[in-house]
Every structure is written in structure tokens, then in C-alpha cells.
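Asker: Take a look at the following structure, please.
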Amino acid sequence: MSSSKADHSQGLLLFRLHNQQIFGLGTLKIQELVPYQAVTPMVNQHPGILGALNIRGQTMPIVDLAAAVGKGATPQDALASSFIIVTDVQRQKVGFLVRQIERIADTNWRDIRAPDKFLGNSIYITGVTRVDNQLVQLLDVEVIMARLFPLDASKATATITDVEREQLRPMRILLVDDSRTARKQLSDSLDAINVRYQVTDDGQKALEIMRAAANSGQPIDILVSDIEMPGLDGYELAFAVRDNKQLASAYIILHTSLSSSISVSQARQVGADEALTKFDARELIDAMLRGATKKIR
């Protein structure tokens, strides 16, 4: 396989909350940036949700990001000069209120590292990097979405037949995601159907696990990987697997919060069998069953 995948860089939108901390969000998740507009209050919602707003004909919840990550609500007198980041993640349009937009910086997931343990709000971030010698914290969208918009119970687990379970049980399955929330969702969905798996939080670790498994004569059959991860991202992991004869037979499912056809197109380019939007356990299990069927043939 050629190295057309090459450096997988992507834009990172840099912005500040009212406490002046710099955060980053991958531009693939972002649809547009709009100046703050007055919102319509919503009842019985998380206190981090300001209300609802109609943007270009679509009504969406507006989240005060500072309040959502425990930094205190954006002051009322700062709202008028604040901005809304309109995102499309996990099958939902959501606007995130931020105090100030900085710029878009080019970055490479290899330059992003896991958050340092001393960061008190690390539960809300999935990685850190430096841009112009300033520390930038990458938001963990899965954590924020799970807390503000709890997963529908019908999506969290799937019911399968005994025949389907027996198809999956012999499969050596590896789950990879840097988000603790996403790893728990993945693990819970397989625990619920009593199917064994391995799980890791890092693309490079996943590649090492796959190499060790292949060397022991028990190669991984099904790989489920997030796309946006520090270090070795999901696209690079899929490419590396396909480029290694010992690993290349794995059925690769890229699993992402991105609700974009772009991710699907790029997934195919790097050799993934499927790309799914998080999180629907039934869709995930069905994809694994397709992988198991392909491996059995």
C-alpha cells in the first residue's frame, strides 16, 4: 500500500473561555461560527445549557461551555461579545458558547499528548498540545455530550440472538478510544451481550497489541477505533494495519463523534471497512457481525 495517507493533519479551532484558558476543537466537528444571539430558555435542562436557538432554520441547544466544564457561567455582561461554535457531533447539532475565538491552527495528532495528571479539569479534555508555546487543551466532546445529553437507553445496549452471539464469541476484538466515556460505552455494549474484548486508549498501544497478537498466532479479527486521538490517530492506525501483512486481515470499524461524510470518505481511503457515528450499540454490533461473517468465509 502506498503512503498516500501521509501526514494526517487537521485544523484546530483555538478559543478562550471567560477565564482566558485556551481550548481547542477539531475543525471537522465545526459547521460555522456565529456571534452570540439571545436564546430561548429551556425547562428541565442541565444548568450548562443556556437554551435553544434557531440558526439557519434549525433549532439547536446552546451550551455555555465554561459552565459545562465547571469554570462558572459566562458573565451576563460578556454574552453580547461572545461567540457560538456550531457543531455537528454524535448525530446532533449543538452550539457551544465561548468567550473569544482565537484562530485556526494546523496541528498533527502525533503532536498531541495525553493530558497531564495535574490538570484538574482533565476529565473534560482528551489531550494537550502547544501552539506558539501556549498550552492548548483539546475538549473531550464525548464527556460533555454524555453529561449534558445522556445517551438514550435504547442506544446503549443491543439485544442479539444466540446465533449472533456465537458468531462474535470466537472473534478477537480490540477497542480503541482516548475518551474514557467512549471506552465505557463500547465496553458496556459488549459486556451486555457477554462478548470478550480488549480495550486501550491509544492508537500506538493498539498497534503494539495487534503486532503482539499476530506474533503469538492469534491476530486481532475486529478492530474498532476512534478517529481523532492523540499520537497515532484512527486513520493512521487503519493505514498501518492494512500496510502490515500480519495484521491486514482485521475487519476495521472506525467509530467517531464526527457526523460527516468526510470521515466516511477518508475512512475508506485508509482501508477501513466501515465508519460509524457514535453511539448506537445496535449499529456497532451489526458492524461487528458483518466483520465476523467476513472472517468466517
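We name chains A, B, ... following the order of the C-alpha cells; residues begin at 1 in each chain, and ligands are numbered from 1 as shown.
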Excluding same-chain residues fewer than 2 positions from Thr126 (chain A), what lies within 8 Å of it counting only C-alpha atoms, as a list in words?
Answerer: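 Near Thr126 (chain A), the qualifying residues are Ala114, Pro115, Ser122, Ile123, Tyr124, Val128, Gln137, Leu138, Leu139, Asp140, Asp178, Ser179, Met229 and Pro230 of chain A.
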Asker: Give me every strand (DSSP E or B) residue in region 62-275 of chain A, going by DSSP on the backbone, as a ChimeraX atom specification.
Answerer: /A:62-64,83-89,92-98,100-108,113,125-131,134-139,173-176,198-200,222-225,251-256,258,274-275
Asker: Calculate how many Å separate CA of Val34 (chain A) from CA of Thr107 (chain A), rounding to one decimal.
Answerer: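 Distance between the two atoms: 23.4 Å.
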Asker: Quote the spacing between CA of Asp106 (chain A) and CA of Leu12 (chain A) in Å to one decimal place.
Answerer: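 Those two atoms sit 6.2 Å apart.
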Asker: Output as CSV one row per residue of region 71-163 of chain A within 8 Å of region 180-202 of chain A: the closest atom pair and its distance in Å to one decimal place, counting only C-alpha atoms, sorted by chain and residue number ascending.
Answerer:
residue,atom,partner,partner_atom,distance
A:Glu142,CA,A:Thr181,CA,6.2
A:Val143,CA,A:Thr181,CA,5.6
A:Ala146,CA,A:Thr181,CA,7.5
A:Ala156,CA,A:Ser189,CA,6.4
A:Thr157,CA,A:Ser189,CA,4.9
A:Ala158,CA,A:Ser189,CA,6.9
A:Thr159,CA,A:Ile193,CA,7.2
A:Ile160,CA,A:Ile193,CA,7.2
Asker: Could the residues in this selection be written to a file with N, CA and C atoms, as a tab-separated table (two decimals), in the first residue's frame?
Answerer:
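Resulting contents of again.tsv:
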chain	number	residue	atom	x	y	z
A	142	GLU	N	-17.09	13.70	23.84
A	142	GLU	CA	-17.90	12.59	24.35
A	142	GLU	C	-18.31	12.80	25.80
A	143	VAL	N	-17.38	13.29	26.63
A	143	VAL	CA	-17.69	13.53	28.04
A	143	VAL	C	-18.76	14.61	28.18
A	146	ALA	N	-22.16	13.39	26.92
A	146	ALA	CA	-22.75	12.38	27.80
A	146	ALA	C	-23.34	13.02	29.06
A	156	ALA	N	-27.81	2.38	24.14
A	156	ALA	CA	-26.64	2.00	24.93
A	156	ALA	C	-26.29	0.52	24.80
A	157	THR	N	-27.28	-0.32	24.65
A	157	THR	CA	-27.04	-1.75	24.52
A	157	THR	C	-27.90	-2.32	23.40
A	158	ALA	N	-27.53	-3.49	22.95
A	158	ALA	CA	-28.27	-4.16	21.88
A	158	ALA	C	-28.60	-5.58	22.29
A	159	THR	N	-29.74	-6.05	21.87
A	159	THR	CA	-30.13	-7.44	22.11
A	159	THR	C	-29.78	-8.26	20.88
A	160	ILE	N	-29.11	-9.37	21.09
A	160	ILE	CA	-28.74	-10.21	19.96
A	160	ILE	C	-29.21	-11.64	20.19
Asker: Which neighbours of region 268-278 of chain A fall inside 9 Å, counting only C-alpha atoms, when residues of the same chain fewer than 4 positions from it are skipped, and could you give them as JSON, numbers by chain?
Answerer: {"A": [4, 5, 89, 90, 91, 142, 182, 235, 236, 237, 238, 239, 240, 241, 242, 251, 252, 253, 254, 255, 256, 257, 258, 259, 260, 263, 264, 283, 284, 287, 291]}
Asker: Could you pull out the helix (DSSP H, G or I) residues of region 97-297 of chain A, going by DSSP on the backbone, and write them as a ChimeraX atom specification?
Answerer: /A:109-111,122-124,141-148,153-156,162-168,180-191,203-215,234-242,261-269,281-296
Asker: Quick one: pull the distance between CA of Thr87 (chain A) and CA of Phe15 (chain A), Å, one decimal.
Answerer: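 Computing it gives 14.2 Å between the two atoms.
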Asker: Please identify all polymer residues within 8 Å of region 208-211 of chain A, counting only C-alpha atoms, omitting same-chain residues fewer than 5 positions from it, and present them as a compact mmCIF listing (two decimals) with C-alpha atoms, in the first residue's frame.
Answerer:
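Contents of part30.txt, freshly written:
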# COMPACT_ATOMS: atom_id res chain seq x y z
CA PRO A 219 -4.26 -11.96 15.36
CA ILE A 220 -6.99 -9.42 16.10
CA GLN A 246 0.36 -9.92 9.54
CA LEU A 247 -2.41 -7.53 10.59
Asker: Select, from A:Phe149, A:Phe23, A:Trp109, A:Phe96, the residue with the minimum atom-to-atom distance to Gln134 (chain A), counting only C-alpha atoms.
Answerer: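 Answer, going by the shortest atom-to-atom distance: A:Phe23.
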Asker: May I have a table of the residues of region 84-201 of chain A lying at most 10 Å from region 46-61 of chain A, giving each one's closest pair of atoms and their distance in Å to one decimal, counting only C-alpha atoms, ordered by chain and ascending residue number, as CSV?
Answerer:
residue,atom,partner,partner_atom,distance
A:Val86,CA,A:Ile55,CA,8.9
A:Thr87,CA,A:Met60,CA,9.9
A:Gln92,CA,A:Met60,CA,8.3
A:Lys93,CA,A:Met60,CA,5.9
A:Val94,CA,A:Pro61,CA,5.5
A:Gly95,CA,A:Pro61,CA,6.2
A:Phe96,CA,A:Pro61,CA,8.6
A:Leu97,CA,A:Leu50,CA,8.8
A:Ile144,CA,A:Gly48,CA,9.9
A:Arg147,CA,A:His46,CA,8.3
A:Leu148,CA,A:His46,CA,5.9
A:Phe149,CA,A:His46,CA,8.3
Asker: Mind writing the picked residues with C-alpha atoms as a PDB file, in the first residue's frame?
Answerer:
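That gives us out10.pdb:
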ATOM      1  CA  VAL A  86     -21.985  25.404  15.796  1.00  0.00           C
ATOM      2  CA  THR A  87     -21.022  21.721  15.777  1.00  0.00           C
ATOM      3  CA  GLN A  92     -26.820  16.183  16.925  1.00  0.00           C
ATOM      4  CA  LYS A  93     -26.386  19.873  16.139  1.00  0.00           C
ATOM      5  CA  VAL A  94     -25.159  21.729  19.233  1.00  0.00           C
ATOM      6  CA  GLY A  95     -23.911  25.290  19.703  1.00  0.00           C
ATOM      7  CA  PHE A  96     -21.100  25.894  22.207  1.00  0.00           C
ATOM      8  CA  LEU A  97     -20.864  29.388  23.693  1.00  0.00           C
ATOM      9  CA  ILE A 144     -19.523  16.815  27.568  1.00  0.00           C
ATOM     10  CA  ARG A 147     -23.198  14.720  30.759  1.00  0.00           C
ATOM     11  CA  LEU A 148     -25.468  17.223  29.079  1.00  0.00           C
ATOM     12  CA  PHE A 149     -27.389  14.892  26.784  1.00  0.00           C
TER      13      PHE A 149
END
Asker: Restricting the calculation to only C-alpha atoms: of A:Leu223, A:Ile296, A:Val141, A:Leu168, which residue gets closest to Asp88 (chain A)?
Answerer: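 Checking each of A:Leu223, A:Ile296, A:Val141, A:Leu168 against Asp88 (chain A), counting only C-alpha atoms, the winner is A:Val141.
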